[in-house]
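For reference, the structure discussed in these notes is given below.
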Amino acid sequence: PVKLWQSLFYRKIAKKIDSIALLTTSADSRNDVLTTLSVLAAAIISYFTGIELDGYMGATVALFIIVNGVKLVIDTINPILGPRPNKEFVDYINRKILSNEHIIGIHDLHVHSYGPSKCFASLHCEVPAEQDIMFSHNVIDNIEREVLKEQGIHMVIHLDPVIRSDEKTNMLKTRVIELLSDISPEIGIHDFRAVWGTTHVKILFDIMVPYKFSLRDNELTQVISDKITTLDSSYSPVITVDHYD
């Protein structure tokens, strides 16, 4: 009864103060109650039926303790390392930033939450390279302040200037995007640049693929590189792989 009361008490307080540590303590007390009841049930069944369940119940309880112990460790460590951002937050960031006409695109969003009022986020915003740098910086500052005011999240935004006036690079980017779409519609692209040399063209860009993509990163970059070089043997791709859920 005491352990059960402890579990309920810790859980109630944890919800009030949003404490992962107390939720973990509540789960630990609950597990003590469940394991004790399991052992007691096995003893009663053995007494009245003569069926010896001690070994089976002991193994079951041991497995239960190991599984829940690992889960408790993960639940405790996650807030320290920083959990992944939830879909609602990602959707909010996309709507918030991309609604600004001076922002072309965003990528590389990272969120680290360390409890109430201690959430930090960073991302890259693509802006037109021809846009005045002081103006772009002011746009970014305003977004950071608005997110802090609306969500209480301290955001750091990195500026990525994108050249849109180079028609030759834009045409090459379009061809690469079509090529990626043929490989898989799940592949996204950002930070596309081309360095036009006298003997070869270095093509640098990042791709975004799901964590559970069918190909490994090195396999995928090789496939993409092979397809790009078939367009022109002078093309030399440099590809960085990012992941998303």
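Within each chain, counting starts at residue 1; across the structure tokens, chains are named A, B, ... in the order shown, with ligands numbered 1 upward in that order.
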### Task
Could you give me, as a ChimeraX atom specification, the residues within 8 Å of A:Asp206, counting only C-alpha atoms and dropping anything in the same chain fewer than 4 positions from it?
/A:189-192,239-242
### Message
Excluding stretch 156-167 of chain A and its own-chain neighbours fewer than 3 positions away, which residues fall within 7 Å of it when counting only C-alpha atoms? Please give them as a ChimeraX atom specification.
### Response
/A:121-129,140,144,170-171
Restricting it to C-alpha atoms, dump the selection as a compact mmCIF listing (two decimals), in the first residue's frame.
```
# COMPACT_ATOMS: atom_id res chain seq x y z
CA ALA A 121 16.49 25.65 -31.34
CA SER A 122 18.72 26.34 -34.32
CA LEU A 123 18.12 26.23 -38.05
CA HIS A 124 19.30 27.59 -41.39
CA CYS A 125 17.27 30.14 -43.34
CA GLU A 126 17.87 30.64 -47.05
CA VAL A 127 17.65 34.27 -48.19
CA PRO A 128 18.29 35.87 -51.60
CA ALA A 129 21.99 36.68 -51.96
CA ILE A 140 16.10 37.00 -38.84
CA GLU A 144 13.89 34.97 -33.34
CA ASN A 170 19.50 27.40 -61.85
CA MET A 171 19.12 25.18 -64.93
```
### Task
Would you please extract all strand (DSSP E) residues from stretch 102-157 of chain A, as assigned by DSSP on the backbone, and give them as number ranges by chain?
A: 105-113, 119-128, 153-157
### Task
Report the distance between atom CA of A:Ile203 and atom CA of A:Leu109 in Å, rounded to one decimal place.
23.5 Å
### Task
Using only C-alpha atoms, pick whichever of A:Met134, A:Leu148, A:Leu8, A:Ala41 has the shortest atom-to-atom distance to A:Ser26.
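Looking at the shortest contact to A:Ser26, the residue is A:Leu8.
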### Query
Can you list, as a PyMOL selection string, every residue of stretch 15-220 of chain A that DSSP puts in helix (DSSP H, G or I)?
chain A and resi 15-17+20-49+54-81+87-98+133-151+167-183+217-220
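In this comparison, which uses only C-alpha atoms, the residue of A:Ala27, A:Ile143, A:Ala43, A:Ile228 approaching A:Lys3 most closely is A:Ala27.
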### Query
Any idea what's packed within 10 Å of A:Met57, counting only C-alpha atoms, ignoring anything in its chain fewer than 6 positions away? Could you give it as a list in words?
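Result of the neighbour search: Thr35, Ser38, Val39, Leu40, Ala41, Ala42, Ala43 and Leu63 of chain A.
Among the candidates A:Arg145, A:His243, A:His107, A:Lys71, the residue lying nearest to A:Lys212 is A:His243 (atoms considered: only C-alpha atoms).
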### Message
Please determine, counting only C-alpha atoms, which residue among A:Ile103, A:Val111, A:Ile153, A:Ile97 has the shortest atom-to-atom distance to A:Ser136.
### Response
A:Ile103
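From atom CA of A:Glu52 back to atom CA of A:Ser29, the distance works out to 27.4 Å.
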### Query
A:Leu172: which residues within 12 Å, counting only C-alpha atoms, same-chain residues fewer than 2 positions away excluded, as a PyMOL selection string?
chain A and resi 166-170+174-179+192-196+201-205+228+231-232+235+237
Residues at most 12 Å from A:Asn68, counting only C-alpha atoms, excluding those fewer than 6 positions away in the same chain, as an mmCIF file with N, CA and C atoms, in the first residue's frame?
```
data_model
loop_
_atom_site.group_PDB
_atom_site.id
_atom_site.type_symbol
_atom_site.label_atom_id
_atom_site.label_comp_id
_atom_site.auth_asym_id
_atom_site.auth_seq_id
_atom_site.Cartn_x
_atom_site.Cartn_y
_atom_site.Cartn_z
ATOM 1 N N THR A 24 9.674 9.325 -13.336
ATOM 2 C CA THR A 24 10.503 8.125 -13.312
ATOM 3 C C THR A 24 10.433 7.451 -11.947
ATOM 4 N N THR A 25 10.464 8.245 -10.879
ATOM 5 C CA THR A 25 10.358 7.704 -9.519
ATOM 6 C C THR A 25 8.995 7.053 -9.303
ATOM 7 N N ALA A 27 7.146 5.665 -11.649
ATOM 8 C CA ALA A 27 7.153 4.397 -12.385
ATOM 9 C C ALA A 27 7.940 3.332 -11.622
ATOM 10 N N ASP A 28 9.015 3.745 -10.968
ATOM 11 C CA ASP A 28 9.822 2.798 -10.191
ATOM 12 C C ASP A 28 9.004 2.220 -9.033
ATOM 13 N N SER A 29 8.266 3.069 -8.326
ATOM 14 C CA SER A 29 7.417 2.594 -7.223
ATOM 15 C C SER A 29 6.309 1.679 -7.745
ATOM 16 N N ARG A 30 5.735 2.039 -8.879
ATOM 17 C CA ARG A 30 4.696 1.196 -9.490
ATOM 18 C C ARG A 30 5.247 -0.179 -9.854
ATOM 19 N N ASN A 31 6.459 -0.198 -10.386
ATOM 20 C CA ASN A 31 7.076 -1.471 -10.767
ATOM 21 C C ASN A 31 7.327 -2.348 -9.544
ATOM 22 N N ASP A 32 7.693 -1.716 -8.430
ATOM 23 C CA ASP A 32 7.884 -2.481 -7.184
ATOM 24 C C ASP A 32 6.586 -3.168 -6.772
ATOM 25 N N LEU A 34 4.050 -4.034 -8.779
ATOM 26 C CA LEU A 34 3.715 -5.089 -9.738
ATOM 27 C C LEU A 34 4.565 -6.335 -9.527
ATOM 28 N N THR A 35 5.859 -6.166 -9.300
ATOM 29 C CA THR A 35 6.730 -7.335 -9.104
ATOM 30 C C THR A 35 6.383 -8.060 -7.807
ATOM 31 N N VAL A 61 9.825 -11.758 -13.765
ATOM 32 C CA VAL A 61 10.054 -10.535 -12.989
ATOM 33 C C VAL A 61 11.412 -9.922 -13.337
ATOM 34 N N ALA A 62 12.439 -10.781 -13.502
ATOM 35 C CA ALA A 62 13.773 -10.283 -13.856
ATOM 36 C C ALA A 62 13.753 -9.566 -15.200
ATOM 37 N N ILE A 74 16.371 5.638 -20.252
ATOM 38 C CA ILE A 74 16.144 6.408 -21.480
ATOM 39 C C ILE A 74 15.287 7.636 -21.196
ATOM 40 N N ASP A 75 14.205 7.460 -20.402
ATOM 41 C CA ASP A 75 13.316 8.569 -20.076
ATOM 42 C C ASP A 75 14.041 9.654 -19.295
#
```
### Message
Please compute the atom CA of A:Leu22-atom CA of A:Leu72 distance, one decimal, in Å.
### Response
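Between atom CA of A:Leu22 and atom CA of A:Leu72 the gap is 11.1 Å.
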